[in-house]
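Here is the file query.txt (compact mmCIF, C-alpha atoms and all ligand atoms).
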```
# COMPACT_ATOMS: atom_id res chain seq x y z
CA MET A 1 -5.16 5.25 43.01
CA THR A 2 -4.02 4.57 46.55
CA GLU A 3 -0.67 5.97 47.63
CA HIS A 4 1.96 3.36 48.33
CA ASP A 5 4.99 3.59 50.51
CA VAL A 6 7.37 1.57 48.35
CA ASP A 7 10.23 1.80 50.84
CA GLN A 8 8.53 -0.51 53.31
CA TYR A 9 8.80 -3.31 50.74
CA ARG A 10 12.49 -2.80 49.98
CA VAL A 11 14.99 -5.46 50.98
CA THR A 12 17.67 -3.13 52.26
CA GLU A 13 20.25 -5.58 53.57
CA ALA A 14 21.69 -8.42 51.53
CA PRO A 15 20.03 -11.60 52.79
CA TYR A 16 22.40 -14.52 53.27
CA TYR A 17 21.62 -17.02 50.56
CA ARG A 18 23.86 -19.89 49.59
CA PRO A 19 23.12 -20.92 45.99
CA VAL A 20 22.56 -24.63 45.54
CA THR A 21 22.79 -25.01 41.76
CA ASP A 22 22.08 -22.54 38.98
CA GLU A 23 18.83 -21.21 40.49
CA VAL A 24 20.10 -17.63 40.75
CA ASP A 25 20.97 -17.42 37.03
CA LEU A 26 17.74 -19.13 36.03
CA TYR A 27 15.63 -16.80 38.14
CA GLU A 28 17.44 -13.76 36.79
CA ALA A 29 16.79 -14.84 33.21
CA ALA A 30 13.15 -15.59 34.02
CA TYR A 31 12.84 -12.17 35.62
CA GLN A 32 14.35 -10.46 32.57
CA ALA A 33 11.82 -12.33 30.41
CA ARG A 34 9.09 -11.53 32.97
CA MET A 35 8.28 -15.22 33.07
CA PRO A 36 6.32 -16.04 36.23
CA VAL A 37 8.18 -18.52 38.43
CA MET A 38 6.98 -21.36 40.63
CA LEU A 39 9.24 -22.68 43.42
CA LYS A 40 8.48 -26.26 44.38
CA GLY A 41 9.84 -27.95 47.45
CA PRO A 42 9.31 -29.01 51.05
CA THR A 43 8.80 -26.49 53.83
CA GLY A 44 11.89 -24.86 55.31
CA CYS A 45 14.30 -25.61 52.47
CA GLY A 46 15.15 -22.02 51.48
CA LYS A 47 12.43 -20.89 49.05
CA SER A 48 11.47 -17.71 50.89
CA ARG A 49 15.07 -16.84 51.59
CA PHE A 50 15.83 -17.28 47.90
CA VAL A 51 13.05 -14.87 46.89
CA GLU A 52 14.26 -12.28 49.42
CA TYR A 53 17.76 -12.63 48.04
CA MET A 54 16.60 -12.27 44.44
CA ALA A 55 14.52 -9.19 45.30
CA TRP A 56 17.59 -7.64 46.88
CA LYS A 57 19.86 -8.65 43.99
CA LEU A 58 17.46 -7.29 41.38
CA GLY A 59 16.79 -4.17 43.45
CA ARG A 60 13.02 -4.78 43.47
CA PRO A 61 10.62 -4.31 46.38
CA LEU A 62 9.13 -7.56 47.68
CA VAL A 63 5.50 -8.15 48.62
CA THR A 64 4.95 -11.52 50.30
CA VAL A 65 1.56 -13.12 50.88
CA ALA A 66 1.17 -16.26 53.00
CA CYS A 67 -1.76 -18.02 51.36
CA ASN A 68 -4.39 -19.99 53.24
CA GLU A 69 -7.64 -21.71 52.47
CA ASP A 70 -9.80 -18.90 53.87
CA MET A 71 -8.21 -16.38 51.58
CA THR A 72 -10.57 -14.76 49.10
CA ALA A 73 -9.81 -12.96 45.87
CA ALA A 74 -10.52 -9.68 47.71
CA ASP A 75 -7.71 -10.46 50.17
CA LEU A 76 -5.33 -10.45 47.21
CA VAL A 77 -6.86 -7.78 45.03
CA GLY A 78 -8.43 -5.29 47.46
CA ARG A 79 -11.79 -4.14 48.80
CA TYR A 80 -13.84 -1.15 49.77
CA LEU A 81 -13.54 -0.19 53.42
CA LEU A 82 -15.90 1.93 55.44
CA ASP A 83 -14.45 4.87 57.27
CA ALA A 84 -15.69 8.17 58.72
CA ASN A 85 -15.86 9.76 55.27
CA GLY A 86 -17.73 6.93 53.60
CA THR A 87 -16.15 4.19 51.57
CA ARG A 88 -12.57 4.01 50.51
CA TRP A 89 -10.84 1.49 48.25
CA GLN A 90 -7.87 -0.32 49.66
CA ASP A 91 -5.54 -2.19 47.34
CA GLY A 92 -4.72 -5.77 48.30
CA PRO A 93 -1.10 -6.95 48.26
CA LEU A 94 -1.23 -8.29 44.70
CA THR A 95 -2.57 -4.98 43.38
CA THR A 96 0.03 -3.05 45.35
CA ALA A 97 2.80 -5.21 43.92
CA ALA A 98 1.48 -4.81 40.37
CA ARG A 99 1.34 -1.03 40.75
CA ILE A 100 4.74 -0.47 42.33
CA GLY A 101 6.65 -2.99 40.21
CA ALA A 102 7.43 -5.35 43.06
CA ILE A 103 8.20 -9.02 43.11
CA CYS A 104 5.00 -10.57 44.48
CA TYR A 105 5.60 -13.83 46.33
CA LEU A 106 2.50 -15.95 46.95
CA ASP A 107 3.73 -18.49 49.47
CA GLU A 108 1.95 -21.88 49.52
CA VAL A 109 -0.46 -20.80 46.84
CA VAL A 110 -1.99 -24.27 46.63
CA GLU A 111 -3.63 -23.56 49.99
CA ALA A 112 -5.79 -20.88 48.40
CA ARG A 113 -9.10 -21.82 46.82
CA GLN A 114 -9.09 -22.18 43.06
CA ASP A 115 -11.46 -19.26 42.56
CA THR A 116 -8.88 -17.15 44.40
CA THR A 117 -5.98 -18.49 42.38
CA VAL A 118 -7.52 -17.61 39.03
CA VAL A 119 -7.26 -13.88 39.73
CA ILE A 120 -3.56 -14.15 38.99
CA HIS A 121 -4.14 -15.50 35.47
CA PRO A 122 -4.33 -12.21 33.53
CA LEU A 123 -1.17 -11.06 35.33
CA THR A 124 0.78 -14.06 34.13
CA ASP A 125 0.35 -13.76 30.38
CA HIS A 126 0.98 -11.08 27.79
CA ARG A 127 -1.85 -8.99 29.22
CA ARG A 128 -0.08 -8.33 32.52
CA THR A 129 -3.27 -6.81 33.81
CA LEU A 130 -5.32 -7.17 36.97
CA PRO A 131 -9.03 -6.37 36.77
CA LEU A 132 -10.45 -4.82 39.94
CA GLU A 133 -14.01 -5.80 39.19
CA LYS A 134 -15.62 -4.19 42.24
CA LYS A 135 -13.86 -0.94 41.50
CA GLY A 136 -14.26 -1.01 37.75
CA GLU A 137 -10.54 -0.54 37.16
CA LEU A 138 -8.10 -2.47 35.02
CA VAL A 139 -4.62 -2.23 36.53
CA HIS A 140 -1.77 -2.52 34.05
CA ALA A 141 1.15 -4.07 35.87
CA HIS A 142 4.28 -1.96 36.20
CA SER A 143 6.95 -3.20 33.78
CA ASP A 144 9.12 -4.43 36.69
CA PHE A 145 6.35 -6.47 38.32
CA HIS A 146 7.12 -10.17 38.73
CA LEU A 147 5.03 -12.99 40.13
CA VAL A 148 6.52 -15.89 42.11
CA ILE A 149 4.57 -18.66 43.79
CA SER A 150 5.67 -21.53 45.97
CA TYR A 151 4.19 -24.83 46.78
CA ASN A 152 5.03 -27.99 48.58
CA PRO A 153 4.30 -30.97 46.31
CA GLY A 154 4.41 -33.20 49.40
CA TYR A 155 1.13 -31.85 50.76
CA GLN A 156 -0.57 -32.05 47.43
CA SER A 157 -3.65 -34.22 47.13
CA LEU A 158 -6.02 -34.59 44.25
CA MET A 159 -8.32 -32.10 45.93
CA LYS A 160 -5.54 -29.68 46.52
CA ASP A 161 -3.43 -29.19 43.50
CA LEU A 162 -3.04 -26.29 41.16
CA LYS A 163 -5.08 -26.50 38.01
CA GLN A 164 -3.10 -27.20 34.86
CA SER A 165 -4.35 -23.87 33.54
CA THR A 166 -2.61 -22.21 36.49
CA LYS A 167 0.52 -24.39 36.54
CA GLN A 168 1.21 -23.93 32.89
CA ARG A 169 1.66 -20.21 33.30
CA PHE A 170 4.91 -20.60 35.22
CA GLY A 171 8.45 -21.73 34.77
CA ALA A 172 9.35 -23.94 37.74
CA LEU A 173 12.42 -24.42 39.92
CA ASP A 174 12.69 -27.49 42.12
CA PHE A 175 13.97 -26.88 45.62
CA ASP A 176 15.08 -29.46 48.14
CA TYR A 177 17.20 -29.59 51.25
CA PRO A 178 20.74 -28.73 50.12
CA GLU A 179 23.35 -31.50 49.94
CA ALA A 180 25.08 -32.24 53.23
CA ALA A 181 28.13 -29.98 53.00
CA ALA A 182 26.10 -27.00 51.77
CA GLU A 183 23.42 -27.52 54.40
CA ALA A 184 26.01 -27.71 57.17
CA GLU A 185 27.54 -24.48 55.88
CA ILE A 186 24.10 -22.82 56.01
CA VAL A 187 23.35 -24.11 59.53
CA ALA A 188 26.74 -22.94 60.80
CA HIS A 189 26.36 -19.53 59.19
CA GLU A 190 22.79 -18.96 60.36
CA SER A 191 23.12 -20.21 63.92
CA GLY A 192 26.77 -19.65 64.82
CA VAL A 193 27.57 -23.25 65.75
CA ASP A 194 30.90 -24.68 64.59
CA SER A 195 31.11 -26.92 61.54
CA ASP A 196 31.44 -30.08 63.63
CA VAL A 197 28.09 -29.45 65.35
CA ALA A 198 26.50 -28.36 62.06
CA ASP A 199 27.65 -31.60 60.39
CA LYS A 200 26.09 -33.66 63.16
CA LEU A 201 22.79 -31.80 62.93
CA VAL A 202 22.68 -32.42 59.20
CA GLN A 203 23.39 -36.12 59.70
CA ILE A 204 20.49 -36.35 62.16
CA ALA A 205 18.29 -34.71 59.57
CA HIS A 206 19.37 -37.21 56.93
CA ARG A 207 18.29 -40.05 59.18
CA ALA A 208 14.91 -38.44 59.79
CA ARG A 209 14.42 -37.71 56.11
CA ASN A 210 14.76 -41.41 55.39
CA LEU A 211 11.66 -41.91 57.55
CA LYS A 212 9.52 -39.72 55.34
CA GLY A 213 6.62 -41.83 54.17
CA HIS A 214 7.45 -44.44 56.85
CA GLY A 215 5.68 -42.69 59.72
CA LEU A 216 6.79 -39.13 59.08
CA ASP A 217 4.97 -36.78 56.73
CA GLU A 218 7.94 -34.48 56.30
CA GLY A 219 11.63 -34.75 57.13
CA ILE A 220 13.51 -32.34 59.40
CA SER A 221 13.83 -29.07 57.49
CA THR A 222 16.85 -26.83 57.17
CA ARG A 223 14.85 -24.28 59.17
CA LEU A 224 14.58 -26.69 62.13
CA LEU A 225 18.31 -27.42 61.94
CA VAL A 226 18.96 -23.69 62.22
CA TYR A 227 16.64 -23.61 65.27
CA ALA A 228 18.61 -26.43 66.90
CA GLY A 229 21.85 -24.61 66.12
CA ASN A 230 20.48 -21.41 67.64
CA LEU A 231 19.71 -23.16 70.92
CA ILE A 232 23.10 -24.88 71.02
CA ALA A 233 24.82 -21.57 70.30
CA LYS A 234 22.93 -20.13 73.30
CA GLY A 235 24.51 -22.77 75.52
CA ILE A 236 21.69 -25.34 75.59
CA GLU A 237 22.87 -28.91 75.86
CA PRO A 238 22.73 -30.39 72.31
CA ARG A 239 20.38 -33.28 73.13
CA SER A 240 17.80 -30.98 74.70
CA ALA A 241 18.20 -28.54 71.83
CA CYS A 242 17.56 -31.32 69.30
CA THR A 243 14.59 -32.69 71.21
CA MET A 244 12.98 -29.27 71.32
CA SER A 245 13.66 -28.20 67.77
CA LEU A 246 14.05 -31.39 65.73
CA VAL A 247 11.91 -34.05 67.40
CA ARG A 248 8.96 -32.45 69.21
CA PRO A 249 7.73 -30.24 66.35
CA LEU A 250 7.84 -33.06 63.84
CA THR A 251 5.67 -35.78 65.33
CA ASP A 252 3.43 -36.70 68.26
CA ASP A 253 3.81 -40.41 67.70
CA PRO A 254 5.66 -41.88 70.74
CA ASP A 255 7.47 -44.57 68.73
CA MET A 256 8.59 -42.12 66.11
CA ARG A 257 9.77 -39.70 68.79
CA GLU A 258 11.82 -42.45 70.34
CA THR A 259 13.36 -43.38 67.00
CA LEU A 260 14.32 -39.76 66.44
CA ASP A 261 15.64 -39.36 69.99
CA GLN A 262 17.85 -42.36 69.35
CA ALA A 263 19.15 -40.80 66.16
CA VAL A 264 20.02 -37.68 68.16
CA ALA A 265 21.74 -39.78 70.83
CA THR A 266 23.98 -41.34 68.18
CA TYR A 267 25.53 -37.99 67.49
CA PHE A 268 25.34 -36.05 70.77
P1 LIG B 301 10.79 -22.14 52.83
O1 LIG B 301 10.39 -20.81 52.28
O2 LIG B 301 11.28 -23.11 51.79
O3 LIG B 301 9.76 -22.74 53.74
P2 LIG B 301 12.90 -20.63 54.15
O4 LIG B 301 13.41 -19.90 52.98
O5 LIG B 301 12.15 -19.86 55.17
O6 LIG B 301 12.08 -21.93 53.75
O7 LIG B 301 14.17 -21.35 54.81
C1 LIG B 301 14.24 -21.66 56.17
C2 LIG B 301 15.58 -21.28 56.72
O8 LIG B 301 16.58 -22.16 56.20
C3 LIG B 301 16.02 -19.89 56.34
O9 LIG B 301 15.59 -18.95 57.28
C4 LIG B 301 17.52 -20.01 56.33
O10 LIG B 301 18.01 -19.86 57.65
C5 LIG B 301 17.78 -21.44 55.95
N1 LIG B 301 18.15 -21.72 54.56
C6 LIG B 301 17.67 -22.74 53.81
N2 LIG B 301 18.27 -22.80 52.62
C7 LIG B 301 19.15 -21.77 52.58
C8 LIG B 301 20.11 -21.31 51.61
N3 LIG B 301 20.26 -21.93 50.41
N4 LIG B 301 20.86 -20.24 51.93
C9 LIG B 301 20.72 -19.63 53.11
N5 LIG B 301 19.85 -20.02 54.07
C10 LIG B 301 19.08 -21.09 53.83
```

Can I see the file as structure tokens?
Ligand code: ADP
Amino acid sequence: MTEHDVDQYRVTEAPYYRPVTDEVDLYEAAYQARMPVMLKGPTGCGKSRFVEYMAWKLGRPLVTVACNEDMTAADLVGRYLLDANGTRWQDGPLTTAARIGAICYLDEVVEARQDTTVVIHPLTDHRRTLPLEKKGELVHAHSDFHLVISYNPGYQSLMKDLKQSTKQRFGALDFDYPEAAAEAEIVAHESGVDSDVADKLVQIAHRARNLKGHGLDEGISTRLLVYAGNLIAKGIEPRSACTMSLVRPLTDDPDMRETLDQAVATYF
């Protein structure tokens, strides 16, 4: 077995996470039951931060994998590498997490091909095992191991959705942008702007979110609001800060940009 430096996966400082409803209690109970968890919600609404916070709270190391469509099962599980002494097995992140008893967070798992996704199946049921077929080893997951996946239902198409046989192995928590007061609190805390500025940023986001499906694929995320706050806190004029972090990243459509710029101008 490969040696693992567990410390590199530890969350040593308490991440700032502002609970939205009862997600912390629910996750804790799911963890105690070792029930795999799926976090559903738009990008930038706090899913990754939540997992970091839970890993810290539960005192578990955290292994995060950003999934993409080119990812193969070997990228998750591991492969043989060639080095000066011949071949050497290297565990992939999922195998590492299963061995060390980490929380394994597969971010945007729907991006991965289905033949990649199925490798997680035996880890999610009573077996809690991971077969390393190329190596001829069956890894029994550490008793503390926990699997969490995220996905954004907004991007989902018929071609790109999790199979029912995958979905139905998880308990799910719905995530969304927090309600206005909570979101403003988060933006103020994360960026250092005062609550008046944070409130305005959130109101701009609410306007943009109403345009989702009417020319915008996604609304302005909490993450982008924090970006805008960061620039403002650095002394950038609020309109320029909003253009750079709230309008430009979101759309290339000139009319939509103008609509958003006008929303910004209403507040700053
Ligand atoms: P996701 O994983 O959903 O794409 P993140 O967890 O990376 O999004 O969230 C983006 C940013 O939004 C975080 O870095 C953090 O600054 C902020 N954020 C969102 N929700 C919360 C929350 N409930 N508590 C603290 N910070 C939050």

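Compared by their closest atoms to Tyr227 (chain A), and using all atoms listed in the file, the residues A:Ala208, A:Val247, A:Cys104, A:Ile120 rank with A:Val247 nearest.
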
> Given the choices A:Val119, A:Leu231, A:Leu201, A:Leu224, which gets closest to Leu132 (chain A) if the distance is worked out from all atoms listed in the file?
Replying inline: A:Val119

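Minimum atom-to-atom distance to Val6 (chain A), evaluated using all atoms listed in the file, belongs to A:Arg60 out of A:His140, A:His214, A:His206, A:Arg60.
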
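The nearest approach to ligand LIG 301 (chain B) among the residues A:Ile232, A:Ala102, A:Ile204, A:Ile149, with all atoms listed in the file taken into account, belongs to A:Ile149.
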
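Counting only C-alpha atoms and all ligand atoms, the residue from A:Asn230, A:Asn210, A:Thr243, A:Ser143 that sits nearest to ligand LIG 301 (chain B) is A:Asn230.
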
All residues within 9 Å of ligand LIG 301 (chain B) are required, counting all atoms listed in the file; please report them as a PDB file with C-alpha atoms, in the frame of the given file.
```pdb
ATOM      1  CA  PRO A  15      20.030 -11.600  52.790  1.00  0.00           C
ATOM      2  CA  TYR A  16      22.400 -14.520  53.270  1.00  0.00           C
ATOM      3  CA  TYR A  17      21.620 -17.020  50.560  1.00  0.00           C
ATOM      4  CA  ARG A  18      23.860 -19.890  49.590  1.00  0.00           C
ATOM      5  CA  PRO A  19      23.120 -20.920  45.990  1.00  0.00           C
ATOM      6  CA  VAL A  20      22.560 -24.630  45.540  1.00  0.00           C
ATOM      7  CA  LEU A  39       9.240 -22.680  43.420  1.00  0.00           C
ATOM      8  CA  LYS A  40       8.480 -26.260  44.380  1.00  0.00           C
ATOM      9  CA  GLY A  41       9.840 -27.950  47.450  1.00  0.00           C
ATOM     10  CA  PRO A  42       9.310 -29.010  51.050  1.00  0.00           C
ATOM     11  CA  THR A  43       8.800 -26.490  53.830  1.00  0.00           C
ATOM     12  CA  GLY A  44      11.890 -24.860  55.310  1.00  0.00           C
ATOM     13  CA  CYS A  45      14.300 -25.610  52.470  1.00  0.00           C
ATOM     14  CA  GLY A  46      15.150 -22.020  51.480  1.00  0.00           C
ATOM     15  CA  LYS A  47      12.430 -20.890  49.050  1.00  0.00           C
ATOM     16  CA  SER A  48      11.470 -17.710  50.890  1.00  0.00           C
ATOM     17  CA  ARG A  49      15.070 -16.840  51.590  1.00  0.00           C
ATOM     18  CA  PHE A  50      15.830 -17.280  47.900  1.00  0.00           C
ATOM     19  CA  VAL A  51      13.050 -14.870  46.890  1.00  0.00           C
ATOM     20  CA  GLU A  52      14.260 -12.280  49.420  1.00  0.00           C
ATOM     21  CA  ASP A 107       3.730 -18.490  49.470  1.00  0.00           C
ATOM     22  CA  GLU A 108       1.950 -21.880  49.520  1.00  0.00           C
ATOM     23  CA  SER A 150       5.670 -21.530  45.970  1.00  0.00           C
ATOM     24  CA  TYR A 151       4.190 -24.830  46.780  1.00  0.00           C
ATOM     25  CA  ASN A 152       5.030 -27.990  48.580  1.00  0.00           C
ATOM     26  CA  PHE A 175      13.970 -26.880  45.620  1.00  0.00           C
ATOM     27  CA  ASP A 176      15.080 -29.460  48.140  1.00  0.00           C
ATOM     28  CA  TYR A 177      17.200 -29.590  51.250  1.00  0.00           C
ATOM     29  CA  PRO A 178      20.740 -28.730  50.120  1.00  0.00           C
ATOM     30  CA  ALA A 182      26.100 -27.000  51.770  1.00  0.00           C
ATOM     31  CA  GLU A 183      23.420 -27.520  54.400  1.00  0.00           C
ATOM     32  CA  GLU A 185      27.540 -24.480  55.880  1.00  0.00           C
ATOM     33  CA  ILE A 186      24.100 -22.820  56.010  1.00  0.00           C
ATOM     34  CA  VAL A 187      23.350 -24.110  59.530  1.00  0.00           C
ATOM     35  CA  HIS A 189      26.360 -19.530  59.190  1.00  0.00           C
ATOM     36  CA  GLU A 190      22.790 -18.960  60.360  1.00  0.00           C
ATOM     37  CA  SER A 191      23.120 -20.210  63.920  1.00  0.00           C
ATOM     38  CA  SER A 221      13.830 -29.070  57.490  1.00  0.00           C
ATOM     39  CA  THR A 222      16.850 -26.830  57.170  1.00  0.00           C
ATOM     40  CA  ARG A 223      14.850 -24.280  59.170  1.00  0.00           C
ATOM     41  CA  LEU A 224      14.580 -26.690  62.130  1.00  0.00           C
ATOM     42  CA  LEU A 225      18.310 -27.420  61.940  1.00  0.00           C
ATOM     43  CA  VAL A 226      18.960 -23.690  62.220  1.00  0.00           C
ATOM     44  CA  TYR A 227      16.640 -23.610  65.270  1.00  0.00           C
TER      45      TYR A 227
END
```

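Our summary of the geometry notes that CA of Ala84 (chain A) is positioned 21.0 Å from CA of His4 (chain A).
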
> If you count only C-alpha atoms, which residues fall within 8 Å of Ala30 (chain A), apart from same-chain ones fewer than 6 positions away, as a PyMOL selection string?
Replying inline: chain A and resi 36-37+171

Could you save the residues just selected, with C-alpha atoms, as a PDB file, in the frame of the given file?
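Saved to result_25.pdb:
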```pdb
ATOM      1  CA  PRO A  36       6.320 -16.040  36.230  1.00  0.00           C
ATOM      2  CA  VAL A  37       8.180 -18.520  38.430  1.00  0.00           C
ATOM      3  CA  GLY A 171       8.450 -21.730  34.770  1.00  0.00           C
TER       4      GLY A 171
END
```

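One distance worth recording is that between CA of Leu106 (chain A) and CA of Asp252 (chain A), which is 29.8 Å.
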
> Near region 194-199 of chain A, counting all atoms listed in the file, which residues have an atom at most 8 Å away, once you skip same-chain residues fewer than 5 positions from it, shown as a ChimeraX atom specification?
Replying inline: /A:180-181,184-185,187-188,229

Writing all heavy atoms and nothing else, produce region 163-172 of chain A as a PDB file, in the first residue's frame.
```pdb
ATOM      1  N   LYS A 163     -27.212   8.670 -13.447  1.00  0.00           N
ATOM      2  CA  LYS A 163     -28.141   7.552 -13.590  1.00  0.00           C
ATOM      3  C   LYS A 163     -28.912   7.390 -12.283  1.00  0.00           C
ATOM      4  O   LYS A 163     -28.381   7.664 -11.200  1.00  0.00           O
ATOM      5  CB  LYS A 163     -27.358   6.256 -13.857  1.00  0.00           C
ATOM      6  CG  LYS A 163     -26.574   6.317 -15.137  1.00  0.00           C
ATOM      7  CD  LYS A 163     -26.300   4.953 -15.692  1.00  0.00           C
ATOM      8  CE  LYS A 163     -25.375   4.090 -14.880  1.00  0.00           C
ATOM      9  NZ  LYS A 163     -24.952   2.900 -15.623  1.00  0.00           N
ATOM     10  N   GLN A 164     -30.142   6.897 -12.393  1.00  0.00           N
ATOM     11  CA  GLN A 164     -30.905   6.633 -11.165  1.00  0.00           C
ATOM     12  C   GLN A 164     -30.137   5.691 -10.246  1.00  0.00           C
ATOM     13  O   GLN A 164     -30.165   5.833  -9.024  1.00  0.00           O
ATOM     14  CB  GLN A 164     -32.271   6.027 -11.499  1.00  0.00           C
ATOM     15  CG  GLN A 164     -33.296   7.041 -11.991  1.00  0.00           C
ATOM     16  CD  GLN A 164     -33.705   8.043 -10.923  1.00  0.00           C
ATOM     17  OE1 GLN A 164     -33.602   7.791  -9.730  1.00  0.00           O
ATOM     18  NE2 GLN A 164     -34.161   9.209 -11.352  1.00  0.00           N
ATOM     19  N   SER A 165     -29.430   4.736 -10.841  1.00  0.00           N
ATOM     20  CA  SER A 165     -28.707   3.765 -10.008  1.00  0.00           C
ATOM     21  C   SER A 165     -27.564   4.438  -9.242  1.00  0.00           C
ATOM     22  O   SER A 165     -27.105   3.919  -8.235  1.00  0.00           O
ATOM     23  CB  SER A 165     -28.176   2.617 -10.863  1.00  0.00           C
ATOM     24  OG  SER A 165     -27.244   3.107 -11.807  1.00  0.00           O
ATOM     25  N   THR A 166     -27.125   5.592  -9.720  1.00  0.00           N
ATOM     26  CA  THR A 166     -26.126   6.357  -8.964  1.00  0.00           C
ATOM     27  C   THR A 166     -26.831   7.270  -7.966  1.00  0.00           C
ATOM     28  O   THR A 166     -26.522   7.261  -6.764  1.00  0.00           O
ATOM     29  CB  THR A 166     -25.245   7.197  -9.922  1.00  0.00           C
ATOM     30  OG1 THR A 166     -24.639   6.337 -10.875  1.00  0.00           O
ATOM     31  CG2 THR A 166     -24.165   7.948  -9.150  1.00  0.00           C
ATOM     32  N   LYS A 167     -27.814   8.025  -8.477  1.00  0.00           N
ATOM     33  CA  LYS A 167     -28.537   8.981  -7.612  1.00  0.00           C
ATOM     34  C   LYS A 167     -29.083   8.332  -6.358  1.00  0.00           C
ATOM     35  O   LYS A 167     -29.031   8.899  -5.272  1.00  0.00           O
ATOM     36  CB  LYS A 167     -29.749   9.535  -8.372  1.00  0.00           C
ATOM     37  CG  LYS A 167     -29.460  10.648  -9.302  1.00  0.00           C
ATOM     38  CD  LYS A 167     -30.781  11.160  -9.837  1.00  0.00           C
ATOM     39  CE  LYS A 167     -30.560  12.201 -10.895  1.00  0.00           C
ATOM     40  NZ  LYS A 167     -31.794  12.585 -11.563  1.00  0.00           N
ATOM     41  N   GLN A 168     -29.653   7.145  -6.548  1.00  0.00           N
ATOM     42  CA  GLN A 168     -30.374   6.538  -5.438  1.00  0.00           C
ATOM     43  C   GLN A 168     -29.453   5.851  -4.439  1.00  0.00           C
ATOM     44  O   GLN A 168     -29.859   4.956  -3.710  1.00  0.00           O
ATOM     45  CB  GLN A 168     -31.433   5.570  -5.973  1.00  0.00           C
ATOM     46  CG  GLN A 168     -32.483   6.324  -6.761  1.00  0.00           C
ATOM     47  CD  GLN A 168     -33.824   5.635  -6.793  1.00  0.00           C
ATOM     48  OE1 GLN A 168     -34.087   4.769  -5.966  1.00  0.00           O
ATOM     49  NE2 GLN A 168     -34.679   6.019  -7.710  1.00  0.00           N
ATOM     50  N   ARG A 169     -28.218   6.274  -4.433  1.00  0.00           N
ATOM     51  CA  ARG A 169     -27.279   5.794  -3.419  1.00  0.00           C
ATOM     52  C   ARG A 169     -26.947   6.903  -2.426  1.00  0.00           C
ATOM     53  O   ARG A 169     -26.093   6.738  -1.568  1.00  0.00           O
ATOM     54  CB  ARG A 169     -25.982   5.340  -4.090  1.00  0.00           C
ATOM     55  CG  ARG A 169     -26.163   4.100  -4.896  1.00  0.00           C
ATOM     56  CD  ARG A 169     -25.029   3.830  -5.841  1.00  0.00           C
ATOM     57  NE  ARG A 169     -25.306   2.601  -6.534  1.00  0.00           N
ATOM     58  CZ  ARG A 169     -25.018   1.385  -6.065  1.00  0.00           C
ATOM     59  NH1 ARG A 169     -24.386   1.266  -4.914  1.00  0.00           N
ATOM     60  NH2 ARG A 169     -25.339   0.320  -6.726  1.00  0.00           N
ATOM     61  N   PHE A 170     -27.602   8.049  -2.596  1.00  0.00           N
ATOM     62  CA  PHE A 170     -27.239   9.224  -1.806  1.00  0.00           C
ATOM     63  C   PHE A 170     -28.448   9.835  -1.122  1.00  0.00           C
ATOM     64  O   PHE A 170     -29.551   9.801  -1.676  1.00  0.00           O
ATOM     65  CB  PHE A 170     -26.652  10.304  -2.739  1.00  0.00           C
ATOM     66  CG  PHE A 170     -25.319   9.926  -3.323  1.00  0.00           C
ATOM     67  CD1 PHE A 170     -25.242   9.136  -4.459  1.00  0.00           C
ATOM     68  CD2 PHE A 170     -24.147  10.341  -2.716  1.00  0.00           C
ATOM     69  CE1 PHE A 170     -24.013   8.770  -4.980  1.00  0.00           C
ATOM     70  CE2 PHE A 170     -22.917   9.981  -3.238  1.00  0.00           C
ATOM     71  CZ  PHE A 170     -22.845   9.193  -4.370  1.00  0.00           C
ATOM     72  N   GLY A 171     -28.230  10.412   0.036  1.00  0.00           N
ATOM     73  CA  GLY A 171     -29.194  11.348   0.584  1.00  0.00           C
ATOM     74  C   GLY A 171     -28.827  12.693  -0.029  1.00  0.00           C
ATOM     75  O   GLY A 171     -27.659  12.929  -0.339  1.00  0.00           O
ATOM     76  N   ALA A 172     -29.805  13.577  -0.240  1.00  0.00           N
ATOM     77  CA  ALA A 172     -29.492  14.827  -0.935  1.00  0.00           C
ATOM     78  C   ALA A 172     -29.867  16.046  -0.109  1.00  0.00           C
ATOM     79  O   ALA A 172     -30.868  16.043   0.613  1.00  0.00           O
ATOM     80  CB  ALA A 172     -30.203  14.871  -2.284  1.00  0.00           C
TER      81      ALA A 172
END
```
